[in-house]
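Pasting query.cif here (mmCIF, C-alpha atoms and all ligand atoms):
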data_data
loop_
_atom_site.label_atom_id
_atom_site.label_comp_id
_atom_site.auth_asym_id
_atom_site.auth_seq_id
_atom_site.Cartn_x
_atom_site.Cartn_y
_atom_site.Cartn_z
CA CYS A 629 24.22 -45.73 114.60
CA TYR A 630 20.68 -44.94 113.40
CA ILE A 631 19.87 -45.46 109.71
CA LEU A 632 16.62 -44.37 108.09
CA GLY A 633 15.43 -46.85 105.47
CA ILE A 634 13.11 -46.02 102.57
CA GLU A 635 11.42 -48.64 100.38
CA THR A 636 9.24 -47.89 97.32
CA SER A 637 10.23 -50.52 94.75
CA CYS A 638 6.77 -51.94 94.15
CA ASP A 639 3.42 -51.33 95.86
CA ASP A 640 4.42 -50.98 99.51
CA THR A 641 5.53 -47.58 100.79
CA SER A 642 7.70 -48.06 103.85
CA ALA A 643 10.00 -46.14 106.17
CA SER A 644 11.98 -47.50 109.10
CA VAL A 645 14.63 -46.62 111.66
CA VAL A 646 17.12 -49.40 112.47
CA SER A 647 20.26 -49.07 114.57
CA ASP A 648 23.49 -51.01 114.03
CA GLY A 649 21.93 -53.11 111.27
CA TYR A 650 19.72 -55.22 113.51
CA LYS A 651 17.69 -53.28 116.06
CA VAL A 652 14.36 -52.11 114.68
CA HIS A 653 13.07 -48.91 116.31
CA SER A 654 10.20 -48.39 113.88
CA ASN A 655 8.93 -49.92 110.66
CA VAL A 656 5.88 -48.33 109.11
CA VAL A 657 4.31 -49.71 105.96
CA GLY A 658 1.60 -47.98 103.93
CA SER A 659 0.01 -50.74 101.93
CA GLN A 660 -1.59 -50.01 98.57
CA THR A 661 -3.10 -53.49 98.24
CA GLU A 662 -6.67 -52.19 98.26
CA VAL A 663 -6.11 -49.83 95.30
CA HIS A 664 -4.28 -52.41 93.20
CA SER A 665 -6.56 -55.34 94.01
CA LEU A 666 -9.24 -53.56 91.96
CA TYR A 667 -7.02 -54.33 88.94
CA GLY A 668 -5.81 -57.78 90.05
CA GLY A 669 -2.17 -56.64 90.17
CA VAL A 670 0.12 -53.66 90.59
CA VAL A 671 -0.49 -50.70 88.26
CA PRO A 672 2.89 -48.90 88.11
CA GLU A 673 1.58 -45.36 87.62
CA ILE A 674 -0.92 -45.68 90.43
CA ALA A 675 1.83 -47.11 92.65
CA SER A 676 4.10 -44.12 91.92
CA ARG A 677 1.37 -41.65 92.79
CA GLU A 678 0.51 -43.50 96.00
CA HIS A 679 4.19 -43.48 97.06
CA LEU A 680 4.29 -39.74 96.44
CA LYS A 681 1.30 -39.26 98.70
CA LEU A 682 2.33 -41.68 101.47
CA LEU A 683 6.11 -41.44 101.76
CA SER A 684 6.67 -38.07 103.41
CA PRO A 685 4.20 -38.61 106.30
CA LEU A 686 5.50 -42.19 106.77
CA VAL A 687 9.09 -40.98 107.16
CA LYS A 688 7.98 -38.50 109.79
CA LYS A 689 6.03 -41.24 111.55
CA ALA A 690 8.98 -43.67 111.47
CA VAL A 691 11.31 -41.14 113.07
CA THR A 692 8.74 -40.09 115.69
CA GLU A 693 7.91 -43.71 116.57
CA ALA A 694 11.62 -44.45 116.97
CA GLY A 695 11.76 -41.73 119.60
CA ILE A 696 14.58 -39.86 117.87
CA THR A 697 14.94 -36.68 115.79
CA PHE A 698 16.28 -36.26 112.25
CA ASN A 699 19.54 -35.02 113.83
CA ASP A 700 20.17 -38.45 115.38
CA LEU A 701 20.35 -40.16 111.97
CA SER A 702 23.70 -41.26 110.52
CA GLY A 703 22.45 -41.93 106.98
CA ILE A 704 19.54 -42.39 104.59
CA ALA A 705 19.30 -45.80 102.94
CA VAL A 706 17.03 -46.16 99.92
CA THR A 707 16.15 -48.92 97.47
CA LYS A 708 17.90 -48.16 94.19
CA GLY A 709 16.57 -51.27 92.40
CA PRO A 710 15.42 -53.72 91.21
CA GLY A 711 11.77 -52.78 90.91
CA LEU A 712 9.35 -50.61 88.94
CA VAL A 713 11.09 -47.49 87.68
CA GLY A 714 8.37 -44.96 88.60
CA PRO A 715 7.95 -46.21 92.17
CA LEU A 716 11.75 -46.46 92.63
CA LEU A 717 12.23 -42.87 91.44
CA VAL A 718 9.84 -41.54 94.08
CA GLY A 719 11.93 -43.11 96.89
CA VAL A 720 15.27 -42.19 95.32
CA SER A 721 14.26 -38.54 94.71
CA PHE A 722 12.91 -38.23 98.23
CA ALA A 723 16.06 -39.74 99.76
CA LYS A 724 18.32 -37.46 97.72
CA SER A 725 16.48 -34.29 98.77
CA PHE A 726 16.41 -35.45 102.38
CA ALA A 727 20.12 -36.33 102.41
CA TYR A 728 20.97 -32.99 100.81
CA ALA A 729 18.82 -30.95 103.19
CA LYS A 730 20.11 -32.72 106.31
CA GLU A 731 23.70 -33.10 105.01
CA LEU A 732 23.55 -36.86 105.57
CA PRO A 733 25.16 -39.71 103.63
CA LEU A 734 22.92 -41.22 100.95
CA ILE A 735 23.14 -45.03 100.92
CA PRO A 736 21.90 -46.94 97.85
CA VAL A 737 20.53 -50.40 98.62
CA ASN A 738 19.75 -53.43 96.47
CA HIS A 739 16.21 -54.61 97.18
CA ILE A 740 16.94 -58.33 96.74
CA LYS A 741 19.98 -58.26 98.97
CA ALA A 742 17.85 -56.30 101.46
CA HIS A 743 15.32 -59.18 101.49
CA ILE A 744 18.19 -61.44 102.61
CA PHE A 745 19.18 -58.94 105.32
CA ALA A 746 15.67 -59.20 106.79
CA ASN A 747 17.17 -62.27 108.49
CA PHE A 748 19.49 -60.00 110.47
CA LEU A 749 16.66 -58.03 112.07
CA SER A 750 15.69 -58.97 115.57
CA SER A 751 14.47 -57.62 118.84
CA SER A 752 16.61 -55.52 121.16
CA THR A 753 17.59 -58.56 123.21
CA ASN A 754 18.53 -60.83 120.35
CA LYS A 755 21.46 -59.73 118.24
CA GLY A 756 20.31 -61.39 115.04
CA ILE A 757 23.33 -60.50 112.94
CA TYR A 758 25.64 -62.54 115.07
CA GLN A 759 23.58 -65.70 114.66
CA HIS A 760 24.46 -66.17 111.03
CA ASP A 761 27.59 -67.93 109.98
CA PHE A 762 29.21 -67.33 106.64
CA PRO A 763 29.56 -68.78 104.08
CA LEU A 764 25.85 -69.38 103.64
CA ILE A 765 23.23 -70.07 101.03
CA ALA A 766 20.37 -67.56 100.66
CA LEU A 767 17.19 -68.44 98.80
CA VAL A 768 15.14 -65.41 97.73
CA ILE A 769 11.54 -66.34 96.92
CA SER A 770 9.52 -63.23 96.11
CA GLY A 771 7.06 -61.79 93.63
CA GLY A 772 9.77 -61.16 91.04
CA HIS A 773 12.63 -63.48 92.01
CA THR A 774 13.44 -67.10 92.78
CA SER A 775 17.19 -67.12 93.22
CA ILE A 776 19.86 -69.02 95.11
CA TYR A 777 22.89 -67.00 96.24
CA TYR A 778 26.17 -68.13 97.72
CA MET A 779 27.34 -65.56 100.27
CA LYS A 780 30.92 -65.70 101.44
CA SER A 781 30.46 -62.63 103.66
CA TYR A 782 28.11 -59.67 104.14
CA GLU A 783 29.53 -58.12 101.01
CA THR A 784 29.31 -60.82 98.39
CA CYS A 785 26.23 -62.33 96.80
CA GLU A 786 27.05 -64.84 94.08
CA LEU A 787 24.07 -65.98 92.01
CA ILE A 788 24.20 -69.74 91.52
CA GLY A 789 20.64 -70.50 90.43
CA SER A 790 17.46 -68.68 89.41
CA THR A 791 14.13 -69.15 87.69
CA ARG A 792 14.04 -69.43 83.93
CA ASP A 793 10.46 -68.17 83.69
CA ASP A 794 7.96 -67.24 86.40
CA ALA A 795 9.02 -66.33 89.92
CA CYS A 796 7.63 -68.49 92.67
CA GLY A 797 5.37 -65.74 94.11
CA GLU A 798 4.23 -64.84 90.61
CA ALA A 799 3.05 -68.44 90.06
CA PHE A 800 1.08 -68.28 93.32
CA ASP A 801 -0.45 -64.95 92.26
CA LYS A 802 -1.44 -66.19 88.78
CA ILE A 803 -2.98 -69.41 90.06
CA ALA A 804 -4.84 -67.51 92.79
CA ARG A 805 -6.29 -65.28 90.09
CA ALA A 806 -7.46 -68.34 88.11
CA LEU A 807 -9.12 -69.60 91.29
CA ASP A 808 -10.77 -66.19 91.88
CA LEU A 809 -9.12 -65.95 95.28
CA GLY A 810 -7.91 -62.35 94.94
CA TYR A 811 -4.59 -60.50 95.14
CA PRO A 812 -1.88 -60.99 96.36
CA GLY A 813 -2.34 -64.71 95.89
CA GLY A 814 0.31 -66.29 98.12
CA PRO A 815 -1.34 -65.72 101.51
CA LEU A 816 -4.78 -66.62 100.11
CA ILE A 817 -3.47 -69.90 98.67
CA GLU A 818 -1.86 -70.63 102.01
CA SER A 819 -5.08 -70.16 103.97
CA GLU A 820 -7.06 -72.33 101.50
CA ALA A 821 -4.32 -74.98 101.66
CA PHE A 822 -4.78 -75.33 105.43
CA LYS A 823 -8.26 -76.76 104.74
CA GLY A 824 -7.10 -79.25 102.12
CA GLU A 825 -4.86 -82.24 101.42
CA PRO A 826 -1.96 -82.47 98.94
CA SER A 827 -3.84 -85.15 97.01
CA ILE A 828 -3.34 -83.97 93.40
CA ASP A 829 -0.20 -84.87 91.47
CA PHE A 830 0.90 -81.79 89.52
CA THR A 831 3.83 -82.26 87.14
CA LYS A 832 7.14 -81.12 88.53
CA PRO A 833 9.45 -79.37 86.06
CA LYS A 834 12.45 -81.25 84.72
CA ILE A 835 15.38 -78.97 84.01
CA ASP A 836 18.93 -80.01 83.37
CA SER A 837 20.62 -77.27 85.40
CA LYS A 838 21.22 -78.23 89.03
CA TYR A 839 20.12 -75.07 90.79
CA ASP A 840 17.78 -73.36 88.31
CA PHE A 841 14.02 -73.27 88.71
CA SER A 842 11.02 -73.26 86.39
CA PHE A 843 7.48 -72.58 87.54
CA SER A 844 5.60 -71.96 84.30
CA GLY A 845 5.15 -75.70 83.64
CA LEU A 846 3.75 -76.27 87.10
CA LYS A 847 1.48 -73.26 86.66
CA SER A 848 0.18 -74.69 83.32
CA SER A 849 -0.33 -78.08 84.92
CA VAL A 850 -2.57 -76.50 87.59
CA LEU A 851 -4.42 -74.33 85.05
CA ASN A 852 -4.99 -77.37 82.78
CA TYR A 853 -6.37 -79.33 85.70
CA LEU A 854 -8.81 -76.50 86.48
CA ASN A 855 -9.86 -76.09 82.84
CA LYS A 856 -10.49 -79.81 82.38
CA LYS A 857 -12.61 -79.93 85.52
CA LYS A 858 -14.59 -76.89 84.45
CA MET A 859 -15.11 -78.19 80.89
CA LYS A 860 -16.38 -81.55 82.14
CA ASP A 861 -18.49 -79.75 84.71
CA GLU A 862 -16.78 -81.78 87.42
CA LYS A 863 -16.41 -80.60 90.97
CA PHE A 864 -12.95 -79.99 92.42
CA SER A 865 -11.64 -78.92 95.79
CA VAL A 866 -9.96 -75.49 95.86
CA PRO A 867 -8.24 -76.31 99.19
CA ASP A 868 -6.82 -79.55 97.69
CA VAL A 869 -5.55 -77.68 94.62
CA CYS A 870 -3.89 -75.08 96.87
CA SER A 871 -2.44 -77.66 99.24
CA SER A 872 -1.04 -79.74 96.35
CA LEU A 873 0.44 -76.69 94.65
CA GLN A 874 2.01 -75.46 97.87
CA SER A 875 3.65 -78.75 98.75
CA THR A 876 4.92 -79.27 95.19
CA VAL A 877 6.50 -75.79 95.24
CA ALA A 878 7.98 -76.51 98.67
CA GLU A 879 9.44 -79.78 97.44
CA ILE A 880 11.10 -78.11 94.43
CA LEU A 881 12.54 -75.26 96.51
CA VAL A 882 13.80 -77.52 99.29
CA ASP A 883 15.35 -79.99 96.88
CA LYS A 884 17.43 -77.46 94.92
CA THR A 885 18.44 -75.32 97.89
CA ILE A 886 19.58 -78.22 100.06
CA LYS A 887 21.53 -79.57 97.08
CA ALA A 888 23.23 -76.18 96.68
CA ALA A 889 24.17 -76.13 100.38
CA LEU A 890 25.53 -79.68 100.32
CA ASP A 891 27.51 -79.11 97.12
CA THR A 892 29.10 -75.93 98.47
CA ASN A 893 29.60 -77.46 101.91
CA VAL A 894 27.62 -74.72 103.59
CA LYS A 895 26.02 -75.16 107.01
CA THR A 896 23.51 -72.29 107.02
CA ILE A 897 20.54 -71.53 104.74
CA LEU A 898 18.62 -68.25 104.89
CA LEU A 899 15.17 -67.94 103.32
CA ALA A 900 13.95 -64.50 102.24
CA GLY A 901 11.19 -62.73 100.32
CA GLY A 902 7.40 -62.78 100.51
CA VAL A 903 6.99 -66.51 99.84
CA SER A 904 9.24 -67.33 102.81
CA ALA A 905 6.26 -66.30 104.98
CA ASN A 906 4.57 -69.54 103.89
CA ARG A 907 4.36 -71.92 106.85
CA THR A 908 4.32 -75.12 104.83
CA ILE A 909 7.43 -74.05 102.96
CA ARG A 910 9.13 -73.10 106.25
CA THR A 911 8.22 -76.44 107.83
CA GLN A 912 9.39 -78.53 104.89
CA PHE A 913 12.67 -76.62 104.85
CA THR A 914 13.11 -76.98 108.60
CA ASN A 915 12.56 -80.75 108.45
CA GLU A 916 14.87 -81.37 105.53
CA ALA A 917 17.63 -79.04 106.78
CA SER A 918 17.73 -80.77 110.17
CA LYS A 919 18.27 -84.13 108.45
CA HIS A 920 21.46 -82.73 106.93
CA ASP A 921 22.54 -80.85 110.03
CA ILE A 922 22.07 -77.52 108.29
CA LYS A 923 20.93 -74.45 110.22
CA LEU A 924 17.83 -72.89 108.69
CA CYS A 925 16.80 -69.25 109.24
CA PHE A 926 13.92 -67.17 107.97
CA PRO A 927 12.80 -63.61 108.73
CA LYS A 928 10.01 -62.72 111.14
CA LEU A 929 6.69 -62.75 109.28
CA ASN A 930 6.38 -58.97 108.90
CA TYR A 931 9.89 -58.71 107.41
CA CYS A 932 9.28 -61.30 104.64
CA THR A 933 7.37 -59.03 102.26
CA ASP A 934 8.59 -55.57 101.30
CA ASN A 935 9.56 -53.33 104.21
CA ALA A 936 12.03 -50.55 104.92
CA ALA A 937 13.62 -52.19 107.98
CA MET A 938 15.49 -54.62 105.74
CA VAL A 939 16.64 -51.65 103.63
CA ALA A 940 17.93 -49.85 106.72
CA SER A 941 19.70 -53.02 107.85
CA LEU A 942 21.61 -53.51 104.61
CA GLY A 943 22.08 -49.71 104.53
CA TYR A 944 24.02 -49.93 107.79
CA PHE A 945 26.44 -52.54 106.40
CA ASN A 946 26.87 -50.58 103.16
CA TYR A 947 27.53 -47.44 105.18
CA LYS A 948 30.15 -49.21 107.30
CA LEU A 949 31.84 -50.46 104.12
CA GLY A 950 31.85 -46.94 102.66
CA LEU A 951 29.37 -47.89 99.97
CA THR A 952 27.56 -44.55 99.93
CA GLY A 953 26.06 -42.77 96.91
CA THR A 954 26.13 -39.30 95.43
CA LEU A 955 23.36 -36.88 94.52
CA ASP A 956 23.44 -37.93 90.85
CA MET A 957 22.30 -41.44 91.84
CA ASN A 958 19.54 -42.91 89.66
CA ALA A 959 17.03 -45.75 90.03
CA VAL A 960 18.09 -49.00 88.31
CA PRO A 961 15.04 -51.21 87.56
CA ASN A 962 17.12 -54.34 86.79
CA LEU A 963 19.86 -53.95 89.41
CA THR A 964 21.51 -57.20 90.52
CA PRO A 965 22.89 -57.88 94.03
P1 LIG B 1001 10.74 -58.62 94.36
O1 LIG B 1001 11.19 -58.56 95.77
O2 LIG B 1001 11.26 -59.80 93.61
O3 LIG B 1001 10.96 -57.33 93.65
P2 LIG B 1001 8.11 -58.28 95.46
O4 LIG B 1001 8.77 -57.23 96.27
O5 LIG B 1001 6.84 -57.97 94.78
O6 LIG B 1001 9.14 -58.84 94.37
P3 LIG B 1001 7.74 -59.63 97.94
O7 LIG B 1001 7.06 -58.45 98.52
O8 LIG B 1001 8.98 -60.09 98.57
O9 LIG B 1001 7.91 -59.55 96.37
O10 LIG B 1001 6.73 -60.86 98.02
C1 LIG B 1001 5.46 -60.78 97.44
C2 LIG B 1001 5.11 -62.17 96.94
O11 LIG B 1001 5.08 -63.07 98.06
C3 LIG B 1001 3.75 -62.23 96.28
O12 LIG B 1001 3.88 -62.96 95.08
C4 LIG B 1001 2.90 -62.97 97.29
O13 LIG B 1001 1.87 -63.74 96.70
C5 LIG B 1001 3.92 -63.86 97.97
N1 LIG B 1001 3.53 -64.24 99.33
C6 LIG B 1001 3.30 -63.44 100.39
N2 LIG B 1001 2.92 -64.15 101.47
C7 LIG B 1001 2.90 -65.45 101.07
C8 LIG B 1001 2.57 -66.69 101.71
N3 LIG B 1001 2.18 -66.71 102.98
N4 LIG B 1001 2.67 -67.82 100.98
C9 LIG B 1001 3.08 -67.80 99.69
N5 LIG B 1001 3.39 -66.68 99.04
C10 LIG B 1001 3.30 -65.52 99.71
FE FE B 1002 10.43 -57.45 97.36
#
Mind turning this structure into C-alpha cells?
Ligand code: ATP
Ligand code: FE
Amino acid sequence: CYILGIETSCDDTSASVVSDGYKVHSNVVGSQTEVHSLYGGVVPEIASREHLKLLSPLVKKAVTEAGITFNDLSGIAVTKGPGLVGPLLVGVSFAKSFAYAKELPLIPVNHIKAHIFANFLSSSTNKGIYQHDFPLIALVISGGHTSIYYMKSYETCELIGSTRDDACGEAFDKIARALDLGYPGGPLIESEAFKGEPSIDFTKPKIDSKYDFSFSGLKSSVLNYLNKKKMKDEKFSVPDVCSSLQSTVAEILVDKTIKAALDTNVKTILLAGGVSANRTIRTQFTNEASKHDIKLCFPKLNYCTDNAAMVASLGYFNYKLGLTGTLDMNAVPNLTP
C-alpha cells in the first residue's frame, strides 16, 4: 500500500513514497536553508514561494525514485498543520489538486504526530512499526515544540507536558545566533560542543509543574554570561558554552521524560523532532533509560528534522483508520495532535 507524503510546513519542501507505514521507497528534501540563512531565520513569504517552485518537481522525483507510477499510489498524505500558514497552503493545495486529478484519497496529517511516526520508518528488512510497544511516552523536541505525549495506541496522543515559553530547538537557534554560529543553530552548537567541556554552570529552570518545560530562563542565563564576558573584555570558550548548554538541556529533557514514563508505568520512550538528532541528548537518554529498564527509540538521523517520509507513514495509519479528508480541507496553523 503505497502512500505519497507531502511536507511543506516550514522551510523544507519534501516528498516521499512509503509503503505500509514503514518502508521508505524515496524521500526527497529540497532544503531552503541557504535562502533563509541570509536573514538568520525562516521568512514565511519566501518559504511559500520556494515551496511553490520546488514541490512539483520533487513529487515527480519521489515517485520516479520509488520505481512506481502515480497509478500505484493508494493515497496522498499532506501536512495540514501545525506550521506557517503560507507554506502549509502550498502543500495542501497541491495535494488537493493531485488527489482530485488522480481520484485518490486525500489524507490530512498532523506534523507533530508525524515527527513521532518517524520512529516507525525503517529499512526493508527491519519492520520498525512492530518494534514499538504501546502504551508509550513520546517526547517531541523540535524548532516549535517541546512536548511530552502519552500514547495508548497509534491513534491517541495525549499531551501531558509542554514548554511554557521557548521550544528547545528555538533556544538552540537563538543562542547560536548570539554566538554568531549561523542558522539553524542546533547542529552548529552540537559540532562546537564536541570540542568543549560542560564546565559552565547555567541556571536550570525551576517550575512547579511536573512535566512542563521552560527554556527562556536558561537562554537568558547563557546570554547574560556572554554579555558579561564581552563587557569585561574577558575571553570565553564557545565550545565550552555550547557543551554546557547542550548537557543542561539534555539533563532537563531526560529528567522530565523519564519521570513521565515512570509515573505512567510506561516501558518505551520515543524521541522525535530535529533536536532528537543531537548525539549528546541521545546518549544521555540512552544511559538513563537503561537504568530504569526503559526501551529508548529515536528516528534515523535524516528523519529527525522535517521530511515527507514521516508524513507518509502517519498517512498510512490514518488511511487504514478511515481518517481521510475532503476537497474543502484547509491548512490549520495551530493544529494539535
Ligand atoms: P515544528 O516541528 O515544531 O513545527 P520545525 O519543523 O521547525 O518545528 P524540526 O525540523 O523538527 O522543527 O527541527 C528543527 C530544529 O531542530 C531547529 O531548531 C534545529 O536547530 C534543531 N536541530 C537540528 N539538528 C540538531 C542537533 N543536531 N542538535 C540540536 N538541535 C538540532
Ligand atoms: Fe517539524
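Taking all atoms listed in the file into account, the protein and nucleic acid residues that come at most 6 Å from ligand LIG 1001 (chain B) are A:Gly711, A:Ile740, A:Ser770, A:Gly771, A:Gly772, A:His773, A:Gly797, A:Glu798, A:Phe800, A:Asp801, A:Pro812, A:Gly813, A:Gly814, A:Pro815, A:Glu818, A:Gly901, A:Gly902, A:Val903, A:Ala905, A:Asn906, A:Thr933, A:Asp934.
Put simply, CA of Val894 (chain A) is 13.1 Å away from CA of Leu767 (chain A).
Between Ile922 (chain A) and the residues A:Thr885, A:Thr876, A:Leu963, A:Val706, the shortest atom-to-atom distance, using only C-alpha atoms, involves A:Thr885.
Comparing A:Val768, A:Val671, A:Ala821, A:Ile735 by their smallest distance to ligand FE 1002 (chain B), the closest is A:Val768 (using all atoms listed in the file).
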Please return as a compact mmCIF listing (two decimals) with C-alpha atoms, keeping the file's coordinate frame every residue within 9 Å of (18.9, -70.5, 92.8), taking into account only C-alpha atoms and the file's own coordinates.
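Below you can see selection_34.txt, which holds the result:
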# COMPACT_ATOMS: atom_id res chain seq x y z
CA ALA A 766 20.37 -67.56 100.66
CA LEU A 767 17.19 -68.44 98.80
CA VAL A 768 15.14 -65.41 97.73
CA THR A 774 13.44 -67.10 92.78
CA SER A 775 17.19 -67.12 93.22
CA ILE A 776 19.86 -69.02 95.11
CA TYR A 777 22.89 -67.00 96.24
CA LEU A 787 24.07 -65.98 92.01
CA ILE A 788 24.20 -69.74 91.52
CA GLY A 789 20.64 -70.50 90.43
CA SER A 790 17.46 -68.68 89.41
CA THR A 791 14.13 -69.15 87.69
CA LYS A 838 21.22 -78.23 89.03
CA TYR A 839 20.12 -75.07 90.79
CA ASP A 840 17.78 -73.36 88.31
CA PHE A 841 14.02 -73.27 88.71
CA LEU A 881 12.54 -75.26 96.51
CA LYS A 884 17.43 -77.46 94.92
CA THR A 885 18.44 -75.32 97.89
CA ALA A 888 23.23 -76.18 96.68
- Message: (-7.1, -75.7, 86.7) in this file's frame - what residues fall within 10 Å of it? Use only C-alpha atoms and give the answer as a ChimeraX atom specification.
- Response: /A:803,806-807,847-858,864,866,869
- Message: Could you list, as a PyMOL selection string, every residue within 10 Å of Leu899 (chain A), counting all atoms listed in the file and ignoring same-chain residues fewer than 6 positions away?
- Response: chain A and resi 743-744+746-747+765-769+776+885+905+909-910+913+924-927+932
- CA of Ser904 (chain A) to CA of Asn930 (chain A): how many Å, to one decimal? 10.7 Å
- Message: So that I can see what lies close to Asp639 (chain A), please list as an NGL selection string the residues with an atom at most 10 Å from it, counting only C-alpha atoms and leaving out residues fewer than 2 positions away in the same chain.
- Response: :A and (635-637 or 641-642 or 658-661 or 663-664 or 669-672 or 674-676 or 678-679 or 711-712 or 715 or 934)
- Note on the structure: As a check of understanding: the span from CA of Tyr667 (chain A) to CA of Ile817 (chain A) is 18.7 Å
- Find the residues around Met957 (chain A) up to 10 Å (only C-alpha atoms counted), leave out those fewer than 2 positions away in its own chain, and share them as a PyMOL selection string. chain A and resi 708+720-721+724+734-736+953-955+959-960
- Message: Please list as a PyMOL selection string every residue within 10 Å of region 935-941 of chain A, counting only C-alpha atoms and excluding residues in the same chain fewer than 3 positions away.
- Response: chain A and resi 630-637+640-658+690+703-707+735-749+757+927+930-932+944-947
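The smallest atom-to-atom distance between ligand FE 1002 (chain B) and any of A:Gly709, A:Asp868, A:Lys928, A:Asn699, using all atoms listed in the file, is found for A:Gly709.
For the choices A:Leu846, A:Ile897, A:Leu890, A:Leu816, the atom-to-atom distance to Pro867 (chain A) is smallest for A:Leu816 when using all atoms listed in the file.
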